[in-house]
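For reference, the structure discussed in these notes is given below.
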Amino acid sequence: MFAAPTNTPRTTPITPNTPWLGRSVERPEDAALLTGSQRFMDDLGAPPGTLHAAFVRSPHPHARIVKIDTAQALQCPGVHAVITGAAIAAFSRPFVVGVKAPMEHRSVAVDHVRYQGEPVAIVLGDTPYTAEDGMALVDVTYEPLTAIVDPQDAMDDGAVLLHHEVGSNVVADRHFRYGDPESAFASAAHTISIDICYPRNSVTPIECYGLVAEFHSGSESYEVTSNFQGPFALHPVMALALKIPANRLRLKSPPASGGSFGTKQGVFPYIVACCVASRIAGRPVKWIEDRLEHLMAATSATNRVTMLRAAVEADGRITALDWDQIDDCGAYLRAPEPATIYRMHGNMTGAYDIRHLAIRNRNVLTNKTPSGLVRGFGGPQVYFALERLIQKMALQLGREPLEIIRKNLIAADDFPYRTASGGLYDSGNYQAALQLAEDDDRIERLQQRQREVRAVGGLYGIGMAAIVEPSISNMGYITTVLTAEERAAAGPKGGAVATASVSIDALGSISAHISSVPQGQGHETVIAQVVADGLGLTPDTITVNTELDTGRDAWSVASGNYSSRFAGAVAGAAKMATDRLRSRLADIAAAHFDCDNTDITFADGTIGATGSAIKSMPFRRLGATSHWAQSTLPQGMEPVIRETVFWSPDVLAPPNATDEINSSAAHGFVFDVCGVEIDRDTGRVRVDQYVTVHDAGTLLHPAMADGQVRGGFSNALGATLYEHFSYGADGSFQSGTFADYTVPTAAEVPDIEILHVQTPSPITPLGAKGIGEGNCMSTPVCIANAVADALGREDIELPLTPSRMFELLDNQEPPKPVASGNGLERPTLRRADYTVTGHGETHVPVAPETIWPQFFDVQAIQSIVPGCQSIEEVDPYHFKGQVNLGVGIVKGLFDADVRMEDVVEPKSLCLIGTANGPLGSSNGEAVVVLIPDETGTRIRYSYGINLSGKAAAIGGRMIGGATKILINEFFRRLAARVAPEHTEPSTLLIKVPDSIQKLWRSICALVQGGRS
Amino acid sequence: MPILSAGQRHKITVTLNGEERTGHAEPRMLLSDFLRHELGATGTHVGCEHGVCGACTIKLDGQPTRSCLTLAVQVDGSQLETVEGLGASDGSLGVLQDCFRRHFALQCGFCTAGILMSLDTYLRDQPNAGEDDLRALLSGHICRCTGYTPIIAAALEAAEILRARELQPEQRGPDV
């Protein structure tokens, strides 16, 4: 059933004096968004003469670039330039890396590609269409290398190295020890451990990356408008790569951004690439990423292997944790990595009072897309291990998970609480949050439901998770990857400066500016509330500008939209700027009214004086005094026009000599409990009930806070049940469309119950903490715990797709129907590791001797191979040619090379082939056997194919079906050629196997926007 | 059927939100690109260009259509409606838009135009749509910000308001 949004009930009714903060006012952002008049990145005009960029990308996960031939592309009408990595390198240097390792990462690869989709060259065209025309004609010759996909394989001695200069695929390996974990383990009643693999996923915004970059030759500077969101710590990274002082790189943001969830941090290498392209071309360059590019090559959360052990007393109290984490950062340690693994460093003991801690963190490189910011950043990986361990612990000790959680929670009177690794938990009352979840028999009702479902043989599980949600990252936490000596040599790093300005114009109206670069979180709404409260105005009279221009606005290295820093830090800075403005205006008013400035009030759009003589004046009149009549200001007072505050929480020190680090300024709490029901036959996991209790300190806007919770939950549900960046064993990327990388829709995301506890943060100016990332950390493991409970299994790996559930349910695949009648074996392939295999049989009413020559006749082959454009004979058993093939929406020309081996005339042969084209490459084999019978020949065949590149990324779902159709068509044409009178017309278009028809129908249904 | 030449830009005239508009497009140009970059109607957004995310949904001769899966040359002479035409005649927000605002049914707003166009058509054809119907309809759209619940709430309320409006003339009756 549908339930209306649950806004936190206010304890007091709204009166004229009720502050605007804490109310769910309508968003000033919405009118423009709802009418289509708001401008996103691709809605902004570009300067006249702007060229459009298309990136040529590697179809291989790992290869050497042998040669790049740009001649054909340059001939293409509308193509202006093809810029290779080497040309980009002439005006840039590799990106700085967060660890001490000689790793070379450039915006466009030179000589060596390390993940599928890595940029190799940029084509500049008049339009995006002509740029893509040129892109398809850039001929890159690669020498493929063995790809490493599994991070544990990457650590093996003798593993193929991604970066020879580094000498290892492990780019950072640090051990940490806090308290006395060895003694705790030695004396513990139990040691309980769990091994976890957390998969790769992202939260994919619906707007992809976009930018316009322009080189100004006069000032040797670059100006960029992009949907980059920060952290602006990447501004120096870009400037250093461009070999310019930072004041020659001006970054601007568009008025609106179509979501980010962290991911738009990853646009920064493209900014560098397009800056240099603009310099080389002498024209502005615009680039709008497409969905395939985004899914394949933009960014990803890290996948992680974790081995976690706990020392546990007989009563269930945890005395120590021992973490061994292997974080797979993909092909390069791209800034701000290794941040994923260190963001949680101060809160590795979660919500629990655990004093002894050992941690080993390893950052490993594999042939996958570089990792980066994704909502929850570092949290999902940590809490999946920790809270799965709690569930396992309960099971092992014969206790309820809730009892284990409760026994170990930090006590409410222990705040502020210093964790073993140096985190400072500012406030909380975790017990109150648990109690809220238990109130109204919520948990009891879940247990009742579980009993009912189980009584009738169903599968129902209950899961829980208790997590600490950090917000407002300490810029210095990343340096925890360095040793204390290395940090001392590099200089200390810590803090997180938030910025806000409030100004008065000549008519006395108020504008505010913040450097938070929102992507839909309603920052304008909340800042207007903050400022209105401070100055006695209404929010609708305040104009808030959230665009950022580094050449003009106040900003810091910590600016940007990440680590849930808005509510705690940015809104807090806005409050401080407002207070400062108010205080100075009060001085002016006190002089005007001839009273003490403590008697000045701001209310209802007026500035007034209380006390003996009650006077007031419109705010706008008195507020504009500094513009019009400086002589009336109190003696010595500077004009009061704009107040800018730079605020950093004073609790964010650099890591100390013993590696203690308070990695975040604020720490919220989330407690989730859910019930899931599992369909035994389909493997579907249905979330029956979900309750999430949040303590994010003071809520500034309850409806938007709930919006953040719902959004985070739906992202997490995707990560839990559906979304996965899938790679083949050969490193080929397989999730290039939204039909492969499946994001939940309204039909999959259930409504949830949201409850709030509010223990204000003593650190942040408004008492607020982050709330938008918590569910990304708590929900995956909460649901996984419920599935573990339902199935009684420990090996829960995400995403819990029906096929994975099918394995967990130990369901047996029904036996395939056996071909009847002939008793003959199907031909055996030489290799067993093909991603697509198949076999078939056709009957031709002529003898094998008639068919046989067709396999060796150039003309015959050209007419029977579907899509064959040309063919030449190299030798009697070796042919080369060009074939036009399409899988789904991907169509292109492939250079094919086919050899025949094991030729036994006229009985059997094996075809070994490769096909290469701009859309990817493939290799495979087919074994063909001709068996004479009374009426002609039975042709039996088996085939196996491996595919990589764009074709695999986009067409993965359809390859099996498409291959089958093409192979069938090949043999139909063969039969038609040797026995035309006995052959059916082409089945290629009109007769499609049931499975393909079904697949096609579901694709059509998706495309048409509804469930059929 | 007109013969189109691959390399040439062809003149295309449509009625966009009630106004006749003319632009030019190569045969391969997507309708989404034509609307946005040729006619300047940038309220329609592009999210995937393969028909799954639904952000680019518009109304083509009254039916919801993925503009990223439609070629501009296909729509010559057609009636197109986009988010820019959804407001009330006085320039204020329409019923559905207003419900979206009151229910916080959008955050970044990038997917919203497509969702509004699908819902606008659906509520016209299915005025009594319930939550399950709306969830099924919206399975053709991806929103990453809201978790969908506020969108459903907004649509249900809009349906209710629109039904009430339809009823009003009858309730008044001849004697009132």
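Scheme for the structure tokens: letters A, B, ... for chains in order shown; per-chain residue numbers from 1; ligand numbers from 1 in order shown.
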Checklist entry - How would you write, as a ChimeraX atom specification, the set of residues in range 8-159 of chain B that DSSP gives as helix (DSSP H, G or I)? => result /B:31-38,67-69,72-75,83-85,95-102,112-125,131-140,149-159
Checklist entry - Counting only C-alpha atoms, which residues from chain A have an atom at most 7 Å from any atom of chain B, and could you show them as an MDAnalysis selection string? => result chainID A and resid 4:5 26 30 33:37 43 205:207 257:259 290:291 519:522 707 710:711 714:715 738:739 745:747 749 751 1006:1007 1009:1011
Checklist outcome for this item: Of B:Asp33, B:Gln168, B:Glu160, B:Leu16, the one sitting nearest Glu81 in chain B when using only C-alpha atoms is B:Leu16
Item to check | DSSP-assigned strand (DSSP E or B) among range 282-479 of chain A, expressed as a PyMOL selection string | outcome: chain A and resi 285-288+303-312+318-328+352+356-364+409+417-418+424-425+459-473
Next on the checklist: Just to confirm, what's the straight-line distance from CA of Ser663 in chain A to CA of Pro199 in chain A in Å (one decimal)?
Outcome noted: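 These atoms are spaced 24.2 Å apart.
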Checklist entry - What lies within 9 Å of Ile341 in chain A using only C-alpha atoms, ignoring chain neighbours under 4 positions off, as number ranges by chain? => result A: 302, 325-327, 337, 345, 361-363, 377-379, 381-382, 478
Item to check | Residue among B:Cys56, B:Ile12, B:Val95, B:Ile3 lying closest to Leu123 in chain B, counting only C-alpha atoms | outcome: B:Val95
Item to check | All residues 10 Å or closer to Val203 in chain A, only C-alpha atoms, same chain fewer than 4 positions away omitted, as a list in words | outcome: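 Here the qualifying residues turn out to be Gly259, Ser260, Phe261, Gly262, Thr263, Thr299, Ser300, Ala301, Leu373, Val374, Arg375, Gly376, Gly712, Ser714, Asn715, Ala716, Gly718, Ala719, Glu723, Val743 and Cys776 of chain A; Arg144 and Cys145 of chain B.
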Next on the checklist: Report, in Å to a single decimal, how far apart CA of Val757 in chain A and CA of Ile771 in chain A are.
Outcome noted: 11.9 Å
For Ile752 in chain A: contacts at 9 Å, only C-alpha atoms, fewer than 4 positions along chain excluded, given as a PDB file with N, CA and C atoms, in the first residue's frame:
```pdb
ATOM      1  N   ALA A   3       1.982   4.812   1.120  1.00  0.00           N
ATOM      2  CA  ALA A   3       1.928   5.669   2.305  1.00  0.00           C
ATOM      3  C   ALA A   3       2.467   7.045   1.924  1.00  0.00           C
ATOM      4  N   GLN A 689       9.156  -5.439   3.993  1.00  0.00           N
ATOM      5  CA  GLN A 689       9.072  -4.265   4.865  1.00  0.00           C
ATOM      6  C   GLN A 689      10.467  -3.714   5.043  1.00  0.00           C
ATOM      7  N   TYR A 690      10.572  -2.386   5.071  1.00  0.00           N
ATOM      8  CA  TYR A 690      11.888  -1.803   5.321  1.00  0.00           C
ATOM      9  C   TYR A 690      11.715  -0.594   6.225  1.00  0.00           C
ATOM     10  N   VAL A 691      12.371  -0.633   7.355  1.00  0.00           N
ATOM     11  CA  VAL A 691      12.325   0.478   8.313  1.00  0.00           C
ATOM     12  C   VAL A 691      13.739   1.031   8.452  1.00  0.00           C
ATOM     13  N   THR A 692      13.870   2.337   8.297  1.00  0.00           N
ATOM     14  CA  THR A 692      15.206   2.935   8.441  1.00  0.00           C
ATOM     15  C   THR A 692      15.120   4.104   9.423  1.00  0.00           C
ATOM     16  N   ARG A 710      15.282   8.285   0.781  1.00  0.00           N
ATOM     17  CA  ARG A 710      14.643   7.452  -0.251  1.00  0.00           C
ATOM     18  C   ARG A 710      15.567   7.251  -1.444  1.00  0.00           C
ATOM     19  N   PHE A 713      18.306   4.919  -0.513  1.00  0.00           N
ATOM     20  CA  PHE A 713      17.775   3.563  -0.418  1.00  0.00           C
ATOM     21  C   PHE A 713      17.616   2.950  -1.805  1.00  0.00           C
TER      22      PHE A 713
ATOM     23  N   THR B 149       8.868   7.078  -4.703  1.00  0.00           N
ATOM     24  CA  THR B 149       7.666   7.222  -3.864  1.00  0.00           C
ATOM     25  C   THR B 149       7.018   8.603  -3.996  1.00  0.00           C
TER      26      THR B 149
END
```
Item to check | Gap from CA of Val517 in chain A to CA of Ser559 in chain A - Å, one decimal | outcome: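 Distance between the two atoms: 8.1 Å.
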If we count only C-alpha atoms, what is near range 586-598 of chain A at a cut-off of 8 Å, once residues fewer than 2 positions away on the same chain are taken out, given as a CSV table (one decimal) with C-alpha atoms, in the first residue's frame?
```
chain,number,residue,atom,x,y,z
A,582,ARG,CA,23.3,40.8,10.8
A,583,SER,CA,25.7,41.9,13.4
A,584,ARG,CA,27.2,44.6,11.3
A,600,ILE,CA,18.2,45.7,17.4
A,601,THR,CA,15.7,43.1,16.0
A,607,ILE,CA,15.0,46.2,11.3
A,608,GLY,CA,13.8,47.6,14.5
A,609,ALA,CA,14.9,48.8,17.9
A,615,LYS,CA,11.3,52.3,16.0
A,622,LEU,CA,18.5,50.3,6.1
A,633,LEU,CA,27.7,54.8,8.8
A,634,PRO,CA,29.1,54.8,12.3
```
Next on the checklist: Residues within 12 Å of Ala506 in chain A, please, as a VMD selection string. Count only C-alpha atoms; anything in the same chain fewer than 5 positions from it doesn't count.
Outcome noted: chain A and resid 511 620 to 629 640 to 642
Checklist entry - Between A:Thr419, A:Asn347, A:Ser732, A:Ser427, which has the minimum distance to Ser664 in chain A (counting only C-alpha atoms)? => result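 Ranked by minimum distance to Ser664 in chain A, first place goes to A:Asn347.
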